[in-house]
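With compact mmCIF, C-alpha atoms inside, this is final.txt:
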```
# COMPACT_ATOMS: atom_id res chain seq x y z
CA ASP D 1 -39.36 22.43 -35.24
CA SER D 2 -40.57 25.71 -36.75
CA ILE D 3 -37.70 27.66 -35.13
CA LEU D 4 -34.82 25.29 -35.86
CA GLY D 5 -36.13 23.67 -39.02
CA LEU D 6 -35.08 20.24 -37.70
CA PRO D 7 -37.88 17.74 -37.01
CA GLY D 8 -37.99 15.58 -33.91
CA LEU D 9 -36.44 18.11 -31.50
CA ALA D 10 -37.83 19.63 -28.30
CA ILE D 11 -36.28 22.95 -27.24
CA GLU D 12 -35.36 23.04 -23.56
CA ARG D 13 -34.01 26.59 -23.23
CA VAL D 14 -32.52 29.49 -25.20
CA ASP D 15 -29.71 31.81 -24.12
CA ARG D 16 -28.99 35.04 -26.02
CA GLN D 17 -26.27 36.60 -23.87
CA LEU D 18 -23.22 35.57 -25.95
CA GLY D 19 -24.73 34.68 -29.29
CA VAL D 20 -27.81 32.52 -29.69
CA HIS D 21 -27.51 29.19 -27.85
CA VAL D 22 -30.32 26.66 -28.11
CA TRP D 23 -30.48 23.48 -26.02
CA ALA D 24 -32.64 20.70 -27.46
CA LYS D 25 -33.29 16.99 -27.09
CA PRO D 26 -35.17 14.34 -29.12
CA THR D 27 -38.91 14.12 -28.62
CA SER D 28 -39.22 10.33 -28.93
CA ARG D 29 -37.24 7.12 -28.92
CA PRO D 30 -36.69 5.36 -32.24
CA ALA D 31 -36.87 1.65 -32.92
CA CYS D 32 -33.69 -0.41 -33.03
CA HIS D 33 -31.63 0.25 -36.15
CA TYR D 34 -30.68 -3.42 -36.45
CA CYS D 35 -33.77 -5.46 -35.55
CA ALA D 36 -36.48 -2.73 -35.47
CA SER D 37 -37.44 -3.73 -31.95
CA PRO D 38 -39.23 -1.09 -29.82
CA SER D 39 -37.77 -2.45 -26.56
CA ILE D 40 -34.77 -0.17 -26.11
CA ARG D 41 -33.36 1.72 -23.13
CA ILE D 42 -31.10 4.75 -22.75
CA LYS D 43 -27.61 3.61 -21.86
CA ALA D 44 -25.95 7.04 -21.69
CA THR D 45 -26.27 10.59 -22.98
CA HIS D 46 -23.64 12.91 -24.40
CA SER D 47 -23.89 16.46 -25.73
CA ARG D 48 -22.95 17.89 -29.14
CA THR D 49 -22.47 21.55 -30.02
CA LEU D 50 -23.07 22.52 -33.64
CA LYS D 51 -23.34 25.70 -35.64
CA HIS D 52 -26.82 25.73 -37.09
CA SER D 53 -27.59 29.04 -38.84
CA ARG D 54 -27.34 32.83 -38.50
CA GLN D 55 -29.96 35.16 -37.05
CA GLY D 56 -29.11 38.71 -37.96
CA ASN D 57 -25.40 38.99 -37.30
CA GLN D 58 -25.30 36.24 -34.66
CA ILE D 59 -24.63 32.54 -35.09
CA VAL D 60 -27.09 30.03 -33.66
CA PHE D 61 -25.30 27.33 -31.66
CA LEU D 62 -27.28 24.14 -31.19
CA HIS D 63 -26.58 22.04 -28.09
CA LEU D 64 -28.00 18.56 -28.61
CA SER D 65 -28.50 15.89 -25.99
CA VAL D 66 -27.69 12.71 -27.91
CA PRO D 67 -28.85 9.50 -26.22
CA LYS D 68 -27.03 6.20 -26.62
CA TYR D 69 -29.53 3.33 -26.81
CA HIS D 70 -29.29 -0.32 -25.91
CA CYS D 71 -31.57 -2.85 -27.59
CA GLN D 72 -32.69 -5.51 -25.16
CA ASP D 73 -33.59 -7.97 -27.95
CA CYS D 74 -30.44 -7.99 -30.14
CA ASN D 75 -28.14 -6.59 -27.41
CA ARG D 76 -26.67 -3.91 -29.70
CA TYR D 77 -25.90 -0.25 -29.11
CA PHE D 78 -26.57 2.74 -31.35
CA ARG D 79 -26.84 6.53 -31.05
CA HIS D 80 -29.79 8.73 -31.86
CA GLN D 81 -29.69 10.12 -35.40
CA PHE D 82 -31.09 13.55 -36.17
CA PRO D 83 -32.21 14.54 -39.69
CA GLY D 84 -29.96 17.26 -41.05
CA VAL D 85 -27.14 16.44 -38.64
CA ARG D 86 -24.34 14.20 -39.87
CA PRO D 87 -22.11 12.24 -37.45
CA ARG D 88 -18.81 13.75 -36.24
CA LEU D 89 -19.41 17.15 -37.84
CA ARG D 90 -19.42 20.49 -36.02
CA ALA D 91 -22.11 22.11 -38.16
CA THR D 92 -25.53 21.10 -39.40
CA GLU D 93 -26.26 20.59 -43.08
CA CYS D 94 -28.31 23.79 -43.01
CA PHE D 95 -25.27 25.80 -41.94
CA ARG D 96 -22.97 24.11 -44.46
CA LEU D 97 -25.46 24.74 -47.26
CA GLU D 98 -25.77 28.38 -46.19
CA VAL D 99 -21.99 28.80 -46.47
CA PHE D 100 -21.98 27.08 -49.85
CA GLU D 101 -24.73 29.26 -51.32
CA ALA D 102 -23.08 32.43 -50.01
CA HIS D 103 -19.71 31.47 -51.48
CA ASP D 104 -21.35 30.42 -54.73
CA GLY D 105 -23.10 33.79 -54.87
CA GLY D 106 -19.78 35.63 -54.79
CA VAL D 107 -19.00 36.12 -51.09
CA SER D 108 -15.26 35.64 -50.56
CA GLN D 109 -13.74 33.08 -48.23
CA ARG D 110 -12.24 35.82 -46.10
CA LYS D 111 -15.63 37.46 -45.58
CA LEU D 112 -17.28 34.14 -44.71
CA SER D 113 -14.49 33.40 -42.23
CA THR D 114 -15.43 36.58 -40.39
CA THR D 115 -19.22 36.29 -40.52
CA HIS D 116 -19.53 32.53 -39.91
CA ARG D 117 -16.44 31.99 -37.71
CA ILE D 118 -14.89 29.28 -39.82
CA GLY D 119 -11.56 29.02 -41.63
CA SER D 120 -11.00 29.66 -45.32
CA ALA D 121 -9.97 26.04 -45.80
CA THR D 122 -13.27 24.95 -44.26
CA VAL D 123 -15.22 27.10 -46.70
CA GLU D 124 -13.34 25.56 -49.63
CA ARG D 125 -13.81 22.03 -48.28
CA TRP D 126 -17.56 22.48 -47.77
CA TYR D 127 -17.91 24.02 -51.21
CA GLN D 128 -16.09 21.14 -52.89
CA HIS D 129 -18.19 18.66 -50.91
CA HIS D 130 -21.47 20.08 -52.19
CA VAL D 131 -20.19 20.32 -55.76
CA LYS D 132 -18.93 16.71 -55.78
CA ARG D 133 -22.14 15.47 -54.20
CA ARG D 134 -24.20 17.11 -56.92
CA VAL D 135 -21.97 15.71 -59.65
CA LEU D 136 -22.21 12.27 -58.03
CA GLU D 137 -26.00 12.48 -58.30
CA LEU D 138 -25.61 13.20 -62.02
CA SER D 139 -23.21 10.31 -62.64
CA GLY D 140 -24.40 7.14 -64.33
CA ARG D 141 -26.72 8.95 -66.73
CA ALA D 142 -27.25 7.58 -70.21
CA CYS D 143 -26.37 9.71 -73.19
CA PRO D 144 -29.28 12.01 -74.20
CA ARG D 145 -31.21 11.36 -77.39
CA ILE D 146 -30.82 14.91 -78.71
CA LEU D 147 -27.21 15.96 -78.27
CA GLY D 148 -25.45 19.23 -78.97
CA ILE D 149 -21.68 19.24 -79.53
CA ASP D 150 -19.46 22.30 -79.63
CA GLU D 151 -16.01 23.41 -78.55
CA HIS D 152 -14.87 26.24 -76.31
CA PHE D 153 -11.52 27.60 -75.20
CA PHE D 154 -10.16 26.44 -71.82
CA THR D 155 -6.55 27.59 -71.34
CA ARG D 156 -3.56 28.38 -73.51
CA LYS D 157 -1.65 25.43 -72.11
CA LYS D 158 -4.39 22.80 -72.42
CA GLY D 159 -6.22 24.22 -75.41
CA TYR D 160 -9.89 23.59 -76.15
CA ALA D 161 -12.59 21.49 -74.50
CA THR D 162 -15.66 19.81 -75.98
CA THR D 163 -19.11 20.41 -74.49
CA PHE D 164 -21.88 17.81 -74.73
CA VAL D 165 -25.33 19.30 -74.06
CA ASP D 166 -28.72 17.66 -73.59
CA LEU D 167 -30.78 19.90 -75.87
CA ARG D 168 -34.11 18.42 -74.81
CA ASN D 169 -33.69 19.10 -71.08
CA HIS D 170 -31.37 22.15 -71.42
CA LYS D 171 -28.53 20.66 -69.37
CA VAL D 172 -24.81 20.22 -69.84
CA PHE D 173 -24.25 16.49 -70.10
CA ASP D 174 -20.45 16.58 -69.81
CA VAL D 175 -17.30 18.55 -70.60
CA VAL D 176 -14.24 16.73 -71.97
CA LEU D 177 -10.78 18.17 -72.53
CA GLY D 178 -9.74 18.19 -76.19
CA ARG D 179 -11.51 18.47 -79.52
CA SER D 180 -9.82 15.79 -81.66
CA GLU D 181 -10.73 12.15 -82.04
CA LEU D 182 -7.50 11.11 -80.33
CA SER D 183 -8.33 13.08 -77.17
CA LEU D 184 -12.02 12.06 -77.12
CA ARG D 185 -11.59 8.41 -78.10
CA GLN D 186 -11.36 6.95 -74.61
CA TYR D 187 -14.31 8.95 -73.28
CA LEU D 188 -16.62 8.23 -76.22
CA SER D 189 -15.82 4.52 -76.35
CA LEU D 190 -16.97 4.13 -72.72
CA LEU D 191 -19.97 6.46 -72.98
CA PRO D 192 -23.15 4.61 -71.94
CA GLY D 193 -26.20 4.82 -74.21
CA ARG D 194 -24.46 6.34 -77.24
CA GLU D 195 -26.40 3.94 -79.49
CA GLN D 196 -29.65 5.64 -78.38
CA VAL D 197 -28.67 9.10 -79.66
CA GLN D 198 -31.07 10.17 -82.43
CA LEU D 199 -29.97 13.71 -83.35
CA VAL D 200 -26.64 15.49 -83.00
CA VAL D 201 -26.64 19.26 -83.59
CA MET D 202 -23.23 20.70 -84.46
CA ASP D 203 -21.46 23.32 -86.52
CA LEU D 204 -19.82 22.58 -89.86
CA SER D 205 -16.79 20.81 -88.38
CA GLU D 206 -15.34 17.88 -90.30
CA THR D 207 -13.65 16.55 -87.15
CA TYR D 208 -16.89 16.41 -85.16
CA ARG D 209 -18.75 14.92 -88.13
CA SER D 210 -16.30 12.02 -88.37
CA ILE D 211 -16.49 11.52 -84.58
CA VAL D 212 -20.30 11.40 -84.65
CA GLN D 213 -20.37 8.97 -87.57
CA LYS D 214 -17.96 6.65 -85.77
CA TYR D 215 -19.16 6.72 -82.15
CA PHE D 216 -22.88 7.51 -82.60
CA PRO D 217 -23.92 5.03 -85.29
CA ASN D 218 -27.68 5.62 -85.07
CA ALA D 219 -27.55 9.42 -84.86
CA LYS D 220 -28.44 11.84 -87.65
CA ILE D 221 -26.38 15.01 -87.91
CA VAL D 222 -28.23 18.34 -87.99
CA ALA D 223 -26.27 21.45 -88.94
CA ASP D 224 -26.57 24.42 -86.65
CA ARG D 225 -28.57 27.11 -88.42
CA PHE D 226 -26.57 30.01 -87.01
CA HIS D 227 -23.23 28.62 -88.19
CA VAL D 228 -24.55 27.86 -91.67
CA ILE D 229 -25.90 31.38 -92.17
CA ARG D 230 -22.71 32.85 -90.73
CA LEU D 231 -20.69 30.80 -93.23
CA VAL D 232 -22.76 32.15 -96.11
CA ASN D 233 -22.33 35.74 -94.89
CA GLN D 234 -18.57 35.32 -94.41
CA HIS D 235 -18.12 34.03 -97.96
CA PHE D 236 -20.13 36.95 -99.33
CA LEU D 237 -18.06 39.48 -97.34
CA ASN D 238 -14.84 37.96 -98.69
CA LEU D 239 -16.16 38.18 -102.26
CA TRP D 240 -17.29 41.75 -101.62
CA LYS D 241 -13.76 42.63 -100.50
CA GLN D 242 -12.41 41.29 -103.80
CA GLN D 243 -14.92 43.28 -105.84
CA ASP D 244 -14.76 46.59 -103.93
CA PRO D 245 -12.19 46.84 -101.08
CA VAL D 246 -13.08 50.48 -100.36
CA GLY D 247 -16.83 49.92 -100.12
CA ARG D 248 -16.24 46.88 -97.91
CA MET D 249 -14.78 49.19 -95.24
CA ASN D 250 -17.86 51.45 -95.21
CA ARG D 251 -19.69 50.77 -91.93
CA GLY D 252 -23.04 51.99 -93.22
CA LEU D 253 -22.96 49.65 -96.21
CA LEU D 254 -21.67 46.84 -94.03
CA SER D 255 -24.64 47.23 -91.70
CA LEU D 256 -27.11 47.12 -94.61
CA VAL D 257 -25.51 44.10 -96.28
CA ARG D 258 -25.32 42.02 -93.12
CA ARG D 259 -29.03 42.33 -92.33
CA HIS D 260 -31.78 40.42 -94.06
CA ARG D 261 -33.36 42.34 -96.91
CA TRP D 262 -36.89 41.90 -95.53
CA ASN D 263 -35.81 43.72 -92.35
CA LEU D 264 -34.67 46.84 -94.22
CA SER D 265 -36.80 49.94 -94.67
CA GLN D 266 -37.69 51.28 -98.10
CA GLU D 267 -35.09 54.05 -97.86
CA GLN D 268 -32.38 51.58 -96.86
CA ARG D 269 -33.26 49.31 -99.78
CA GLU D 270 -33.00 52.21 -102.22
CA ASN D 271 -29.61 53.29 -100.86
CA LEU D 272 -28.30 49.73 -101.09
CA ALA D 273 -29.69 49.29 -104.62
CA ARG D 274 -27.88 52.44 -105.84
CA TYR D 275 -24.61 51.04 -104.57
CA LEU D 276 -25.13 47.53 -105.99
CA ASP D 277 -25.97 48.87 -109.42
CA GLN D 278 -22.32 49.85 -109.77
CA PHE D 279 -21.20 46.20 -109.36
CA PRO D 280 -23.40 43.75 -111.33
CA VAL D 281 -21.55 40.63 -110.12
CA LEU D 282 -21.81 41.73 -106.52
CA LYS D 283 -25.50 42.50 -106.99
CA SER D 284 -26.27 39.01 -108.28
CA LEU D 285 -24.29 37.47 -105.40
CA TYR D 286 -26.18 39.61 -102.89
CA PHE D 287 -29.62 38.52 -104.09
CA ALA D 288 -28.47 34.90 -104.23
CA LYS D 289 -27.32 35.22 -100.63
CA GLN D 290 -30.66 36.64 -99.59
CA ARG D 291 -32.60 33.82 -101.26
CA LEU D 292 -30.26 31.26 -99.70
CA ASN D 293 -30.64 32.70 -96.19
CA LYS D 294 -34.41 32.73 -96.57
CA LEU D 295 -34.32 29.01 -97.39
CA LEU D 296 -31.97 28.26 -94.49
CA LEU D 297 -34.32 29.93 -91.99
CA ILE D 298 -37.14 27.45 -92.70
CA ARG D 299 -37.94 25.16 -89.77
CA ASN D 300 -40.54 22.57 -88.72
CA LEU D 301 -41.24 21.68 -92.35
CA MET D 302 -43.32 18.64 -93.25
CA PRO D 303 -41.68 16.08 -95.59
CA LYS D 304 -44.31 16.48 -98.29
CA HIS D 305 -43.51 20.20 -98.56
CA GLY D 306 -39.76 19.70 -98.65
CA ARG D 307 -39.45 18.77 -102.35
CA LYS D 308 -40.37 22.28 -103.48
CA PHE D 309 -37.76 23.93 -101.28
CA MET D 310 -35.21 21.23 -102.11
CA ARG D 311 -35.40 22.08 -105.81
CA ARG D 312 -34.85 25.76 -105.00
CA LEU D 313 -31.84 24.98 -102.82
CA LEU D 314 -30.21 22.74 -105.43
CA LYS D 315 -30.78 25.38 -108.11
CA LEU D 316 -29.15 28.06 -105.93
CA ILE D 317 -26.15 25.83 -105.19
CA GLU D 318 -25.76 25.17 -108.91
CA GLN D 319 -25.79 28.92 -109.64
CA LEU D 320 -23.18 29.53 -106.92
CA ALA D 321 -20.98 26.77 -108.37
CA GLN D 322 -20.80 28.71 -111.66
CA SER D 323 -19.92 31.99 -109.91
CA PRO D 324 -16.98 33.24 -107.82
CA ALA D 325 -18.70 31.61 -104.81
CA ARG D 326 -17.95 28.02 -105.92
CA THR D 327 -16.06 27.36 -102.64
CA LEU D 328 -19.29 28.06 -100.76
CA ALA D 329 -21.19 25.82 -103.18
CA ASN D 330 -18.78 22.95 -102.52
CA THR D 331 -19.19 23.33 -98.77
CA LEU D 332 -22.98 23.39 -99.00
CA THR D 333 -22.92 20.32 -101.24
CA SER D 334 -20.73 18.45 -98.76
CA TRP D 335 -23.10 19.31 -95.89
CA LEU D 336 -26.33 19.06 -97.88
CA GLU D 337 -28.01 16.35 -95.77
CA PRO D 338 -27.32 18.00 -92.36
CA ILE D 339 -28.47 21.33 -93.79
CA VAL D 340 -31.71 19.87 -95.18
CA ARG D 341 -32.42 18.26 -91.78
CA MET D 342 -32.60 21.78 -90.33
CA TRP D 343 -35.97 22.13 -92.06
CA ARG D 344 -37.47 19.27 -90.06
CA THR D 345 -36.54 20.54 -86.59
CA SER D 346 -36.15 23.75 -84.64
CA ARG D 347 -33.20 22.41 -82.61
CA SER D 348 -30.03 24.47 -82.65
CA ASN D 349 -26.87 24.93 -80.65
CA GLY D 350 -28.07 28.20 -79.18
CA ILE D 351 -28.45 26.46 -75.81
CA THR D 352 -24.85 25.28 -76.03
CA GLU D 353 -23.60 28.77 -76.85
CA GLY D 354 -25.54 30.12 -73.88
CA PHE D 355 -23.87 27.60 -71.59
CA HIS D 356 -20.49 28.63 -73.00
CA THR D 357 -21.21 32.21 -71.95
CA LYS D 358 -22.08 31.05 -68.45
CA MET D 359 -18.95 28.88 -68.28
CA GLU D 360 -16.85 31.86 -69.35
CA MET D 361 -18.34 33.93 -66.51
CA MET D 362 -17.56 31.13 -64.03
CA SER D 363 -13.96 31.01 -65.20
CA ARG D 364 -13.68 34.80 -64.99
CA ARG D 365 -15.04 34.82 -61.44
CA ALA D 366 -12.46 32.21 -60.42
CA TYR D 367 -9.69 34.20 -62.19
CA GLY D 368 -9.14 31.20 -64.45
CA PHE D 369 -8.81 27.46 -63.85
CA ARG D 370 -5.63 25.40 -64.04
CA ASN D 371 -7.11 22.07 -62.99
CA PHE D 372 -9.56 20.86 -65.62
CA GLU D 373 -11.28 18.42 -63.23
CA ASN D 374 -12.18 21.28 -60.86
CA TYR D 375 -13.50 23.22 -63.83
CA ARG D 376 -15.55 20.24 -65.00
CA LEU D 377 -17.06 19.70 -61.55
CA ARG D 378 -18.00 23.37 -61.32
CA VAL D 379 -19.64 23.32 -64.75
CA LEU D 380 -21.62 20.14 -64.11
CA ALA D 381 -22.76 21.39 -60.71
CA HIS D 382 -24.08 24.69 -62.09
CA CYS D 383 -25.12 23.81 -65.65
CA GLY D 384 -25.98 20.14 -65.32
CA TRP D 385 -29.06 20.67 -63.18
CA ASN D 386 -32.09 22.97 -63.44
CA GLY D 387 -32.72 24.44 -60.05
CA VAL D 388 -30.96 24.66 -56.71
CA PHE D 389 -28.95 22.00 -54.98
CA SER D 390 -30.79 19.24 -53.19
CA ARG D 391 -31.08 19.91 -49.50
CA ILE D 392 -30.27 17.04 -47.18
```
If you convert what's in this file into structure tokens, what do you get?
Amino acid sequence: DSILGLPGLAIERVDRQLGVHVWAKPTSRPACHYCASPSIRIKATHSRTLKHSRQGNQIVFLHLSVPKYHCQDCNRYFRHQFPGVRPRLRATECFRLEVFEAHDGGVSQRKLSTTHRIGSATVERWYQHHVKRRVLELSGRACPRILGIDEHFFTRKKGYATTFVDLRNHKVFDVVLGRSELSLRQYLSLLPGREQVQLVVMDLSETYRSIVQKYFPNAKIVADRFHVIRLVNQHFLNLWKQQDPVGRMNRGLLSLVRRHRWNLSQEQRENLARYLDQFPVLKSLYFAKQRLNKLLLIRNLMPKHGRKFMRRLLKLIEQLAQSPARTLANTLTSWLEPIVRMWRTSRSNGITEGFHTKMEMMSRRAYGFRNFENYRLRVLAHCGWNGVFSRI
């Protein structure tokens, strides 16, 4: 057992002349598979040859003596079953899993065909089998209570895909082709447990907000903190370009303006202040942006402390509405409730963005995907489970 890793086997002999050949047989007789009777006899014995693993650069061939039993009580026949050995296959599950993990780690099919003495089609078939088996284990799950929704690019022909992420367990729940309500309607209407969703974290997308309000009736929308701050910075950069197009192209000033003021050194603050003194409107917009970003970075706030910060936020939005940044003020007013909910939680779509990076690397390794179902299976197999594949 310690050599082969398969329980219930007794090694008869080992031959290492042409590869590693191991002859083994079962150590005991099982009970009847149908009536659980211990009164069985061996009717016949046949041999099976399987590829088991690799030792060094040699393949271990396992020669099994498989008895055929006859139950004297129910008069039925059955064959001996070995753990880790499936019927009518020419390799053990250990060998198939070894090929899968090597191919998943980046070893090409051509290289595996040489080292493991199997065809390229066999490598692809075994790989798809393990991926589909893992996805089958993940099927039938209810929708998570804390859900992250975001889009990512798939192909030029098929456009974008929507990613649903379980933010509590850090797993990809599912990937669906499309990002409009028309393309997601059939999937969301049949989604089990969507009434149990409590929080949905998303960017400032009107399409996704209408989808969440329609298909997740009990969920509260939480704006993603990164996208809100990025929106504020983009509006300020556009206004800066209107006020001073030449200064907007200065990389040194751009680096100082993009960063938070409390992260700047004293010398950097003085240099930035000398520049802003030349543009009073831009200076007031800059300090308003800094105060707004400081409010948006608050998290895990108790409800009794929220009134003080709420008054500050409303006052800032009112000041922006009376300035050239009234478009930003209108957007913040429209998304006021999801933005305020950011103060109560530390959840964000950073996990989703990290999965998008991993999915992009998977697509790059495969030189792109044309079949979306193959892409979905690959994503769910690698990002829908924490840890390695289950070993059978």
Query raised in the report: Can you list, as a PyMOL selection string, every protein, DNA or RNA residue that comes within 10 Å of D:Leu167 when you count all atoms listed in the file, leaving out same-chain residues fewer than 5 positions away?
Result: chain D and resi 144-149+172-173+199-201+347-352
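The smallest atom-to-atom distance between D:Met359 and any of D:Arg13, D:Arg376, D:Arg259, D:His103, using all atoms listed in the file, is found for D:Arg376.
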Report task. Could you please determine the separation between atom CA of D:Arg378 and atom CA of D:Phe355 in Å, to one decimal place? Result ->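 These two atoms are separated by 12.6 Å.
Atom CA of D:Tyr160 is positioned 9.1 Å from atom CA of D:Val176.
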At a cut-off of 12 Å, using only C-alpha atoms, what residues contact D:Arg312? Leave out same-chain residues fewer than 4 positions from it and give the result as a PDB file with C-alpha atoms, keeping the file's coordinate frame.
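Result file selection.pdb:
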```pdb
ATOM      1  CA  ALA D 288     -28.470  34.900-104.230  1.00  0.00           C
ATOM      2  CA  ARG D 291     -32.600  33.820-101.260  1.00  0.00           C
ATOM      3  CA  LEU D 292     -30.260  31.260 -99.700  1.00  0.00           C
ATOM      4  CA  ASN D 293     -30.640  32.700 -96.190  1.00  0.00           C
ATOM      5  CA  LYS D 294     -34.410  32.730 -96.570  1.00  0.00           C
ATOM      6  CA  LEU D 295     -34.320  29.010 -97.390  1.00  0.00           C
ATOM      7  CA  LEU D 296     -31.970  28.260 -94.490  1.00  0.00           C
ATOM      8  CA  GLY D 306     -39.760  19.700 -98.650  1.00  0.00           C
ATOM      9  CA  ARG D 307     -39.450  18.770-102.350  1.00  0.00           C
ATOM     10  CA  LYS D 308     -40.370  22.280-103.480  1.00  0.00           C
ATOM     11  CA  LEU D 316     -29.150  28.060-105.930  1.00  0.00           C
ATOM     12  CA  ILE D 317     -26.150  25.830-105.190  1.00  0.00           C
ATOM     13  CA  GLU D 318     -25.760  25.170-108.910  1.00  0.00           C
ATOM     14  CA  GLN D 319     -25.790  28.920-109.640  1.00  0.00           C
ATOM     15  CA  VAL D 340     -31.710  19.870 -95.180  1.00  0.00           C
TER      16      VAL D 340
END
```
**Report entry** Atom pair atom CA of D:Pro67 / atom CA of D:Arg29: separation (Å)
**Finding:** 9.1 Å
Query - 8 Å contact set for D:Thr345, all atoms listed in the file, chain neighbours under 5 positions out, as number ranges by chain - result: D: 299-301
Query raised in the report: So, counting only C-alpha atoms, which residue among D:Leu253, D:Leu184, D:Leu237, D:Met202 is closest to D:Ala223?
Result: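 Ranking D:Leu253, D:Leu184, D:Leu237, D:Met202 by distance to D:Ala223, first place goes to D:Met202.
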Exercise: D:Gln234 partners within 12 Å, all atoms listed in the file, chain neighbours under 2 positions left out, as an mmCIF file with C-alpha atoms, in the frame of the given file:
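This went into around.cif:
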```
data_model
loop_
_atom_site.group_PDB
_atom_site.id
_atom_site.type_symbol
_atom_site.label_atom_id
_atom_site.label_comp_id
_atom_site.auth_asym_id
_atom_site.auth_seq_id
_atom_site.Cartn_x
_atom_site.Cartn_y
_atom_site.Cartn_z
ATOM 1 C CA HIS D 227 -23.230 28.620 -88.190
ATOM 2 C CA VAL D 228 -24.550 27.860 -91.670
ATOM 3 C CA ILE D 229 -25.900 31.380 -92.170
ATOM 4 C CA ARG D 230 -22.710 32.850 -90.730
ATOM 5 C CA LEU D 231 -20.690 30.800 -93.230
ATOM 6 C CA VAL D 232 -22.760 32.150 -96.110
ATOM 7 C CA PHE D 236 -20.130 36.950 -99.330
ATOM 8 C CA LEU D 237 -18.060 39.480 -97.340
ATOM 9 C CA ASN D 238 -14.840 37.960 -98.690
ATOM 10 C CA LEU D 239 -16.160 38.180 -102.260
ATOM 11 C CA TRP D 240 -17.290 41.750 -101.620
ATOM 12 C CA LYS D 241 -13.760 42.630 -100.500
ATOM 13 C CA LEU D 254 -21.670 46.840 -94.030
ATOM 14 C CA VAL D 257 -25.510 44.100 -96.280
ATOM 15 C CA ARG D 258 -25.320 42.020 -93.120
ATOM 16 C CA LYS D 289 -27.320 35.220 -100.630
ATOM 17 C CA ALA D 325 -18.700 31.610 -104.810
ATOM 18 C CA THR D 327 -16.060 27.360 -102.640
ATOM 19 C CA LEU D 328 -19.290 28.060 -100.760
#
```
Report task. Determine, counting only C-alpha atoms, which protein, DNA and RNA residues have an atom within 10 Å of an atom of stretch 187-196 of chain D; residues of the same chain fewer than 4 positions away are not included. Present the result as a PyMOL selection string. Result -> chain D and resi 140-146+176-177+181+183+211-212+214-219
Could the residues of stretch 80-112 of chain D that have an atom at most 12 Å from stretch 120-130 of chain D be listed as CSV, each with its closest atom pair and the distance in Å to one decimal, counting all atoms listed in the file and ordered by chain and ascending residue number?
```
residue,atom,partner,partner_atom,distance
D:Leu89,CA,D:Trp126,CA,11.4
D:Arg90,CA,D:Thr122,CA,11.2
D:Ala91,CA,D:Trp126,CA,10.6
D:Thr92,CA,D:Trp126,CA,11.6
D:Glu93,CA,D:Trp126,CA,10.1
D:Cys94,CA,D:Trp126,CA,11.8
D:Phe95,CA,D:Trp126,CA,10.2
D:Arg96,CA,D:Trp126,CA,6.5
D:Leu97,CA,D:His130,CA,7.9
D:Glu98,CA,D:Trp126,CA,10.2
D:Val99,CA,D:Val123,CA,7.0
D:Phe100,CA,D:Tyr127,CA,5.3
D:Glu101,CA,D:Tyr127,CA,8.6
D:Ala102,CA,D:Tyr127,CA,9.9
D:His103,CA,D:Tyr127,CA,7.7
D:Asp104,CA,D:Tyr127,CA,8.1
D:Gly105,CA,D:Tyr127,CA,11.7
D:Val107,CA,D:Val123,CA,10.7
D:Ser108,CA,D:Ser120,CA,9.0
D:Gln109,CA,D:Ser120,CA,5.3
D:Arg110,CA,D:Ser120,CA,6.3
D:Lys111,CA,D:Ser120,CA,9.1
D:Leu112,CA,D:Val123,CA,7.6
```
Output file for the residues above (C-alpha atoms, as a PDB file, in the frame of the given file):
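Generated output (again12.pdb):
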```
ATOM      1  CA  LEU D  89     -19.410  17.150 -37.840  1.00  0.00           C
ATOM      2  CA  ARG D  90     -19.420  20.490 -36.020  1.00  0.00           C
ATOM      3  CA  ALA D  91     -22.110  22.110 -38.160  1.00  0.00           C
ATOM      4  CA  THR D  92     -25.530  21.100 -39.400  1.00  0.00           C
ATOM      5  CA  GLU D  93     -26.260  20.590 -43.080  1.00  0.00           C
ATOM      6  CA  CYS D  94     -28.310  23.790 -43.010  1.00  0.00           C
ATOM      7  CA  PHE D  95     -25.270  25.800 -41.940  1.00  0.00           C
ATOM      8  CA  ARG D  96     -22.970  24.110 -44.460  1.00  0.00           C
ATOM      9  CA  LEU D  97     -25.460  24.740 -47.260  1.00  0.00           C
ATOM     10  CA  GLU D  98     -25.770  28.380 -46.190  1.00  0.00           C
ATOM     11  CA  VAL D  99     -21.990  28.800 -46.470  1.00  0.00           C
ATOM     12  CA  PHE D 100     -21.980  27.080 -49.850  1.00  0.00           C
ATOM     13  CA  GLU D 101     -24.730  29.260 -51.320  1.00  0.00           C
ATOM     14  CA  ALA D 102     -23.080  32.430 -50.010  1.00  0.00           C
ATOM     15  CA  HIS D 103     -19.710  31.470 -51.480  1.00  0.00           C
ATOM     16  CA  ASP D 104     -21.350  30.420 -54.730  1.00  0.00           C
ATOM     17  CA  GLY D 105     -23.100  33.790 -54.870  1.00  0.00           C
ATOM     18  CA  VAL D 107     -19.000  36.120 -51.090  1.00  0.00           C
ATOM     19  CA  SER D 108     -15.260  35.640 -50.560  1.00  0.00           C
ATOM     20  CA  GLN D 109     -13.740  33.080 -48.230  1.00  0.00           C
ATOM     21  CA  ARG D 110     -12.240  35.820 -46.100  1.00  0.00           C
ATOM     22  CA  LYS D 111     -15.630  37.460 -45.580  1.00  0.00           C
ATOM     23  CA  LEU D 112     -17.280  34.140 -44.710  1.00  0.00           C
TER      24      LEU D 112
END
```
So for stretch 244-260 of chain D, what box centre and size do we get, axis-aligned, 8 Å extra on each of the six sides, every listed atom, Å to one decimal, as AutoDock Vina command-line options?
```
--center_x -22.0 --center_y 46.2 --center_z -97.8 --size_x 35.6 --size_y 27.6 --size_z 28.2
```
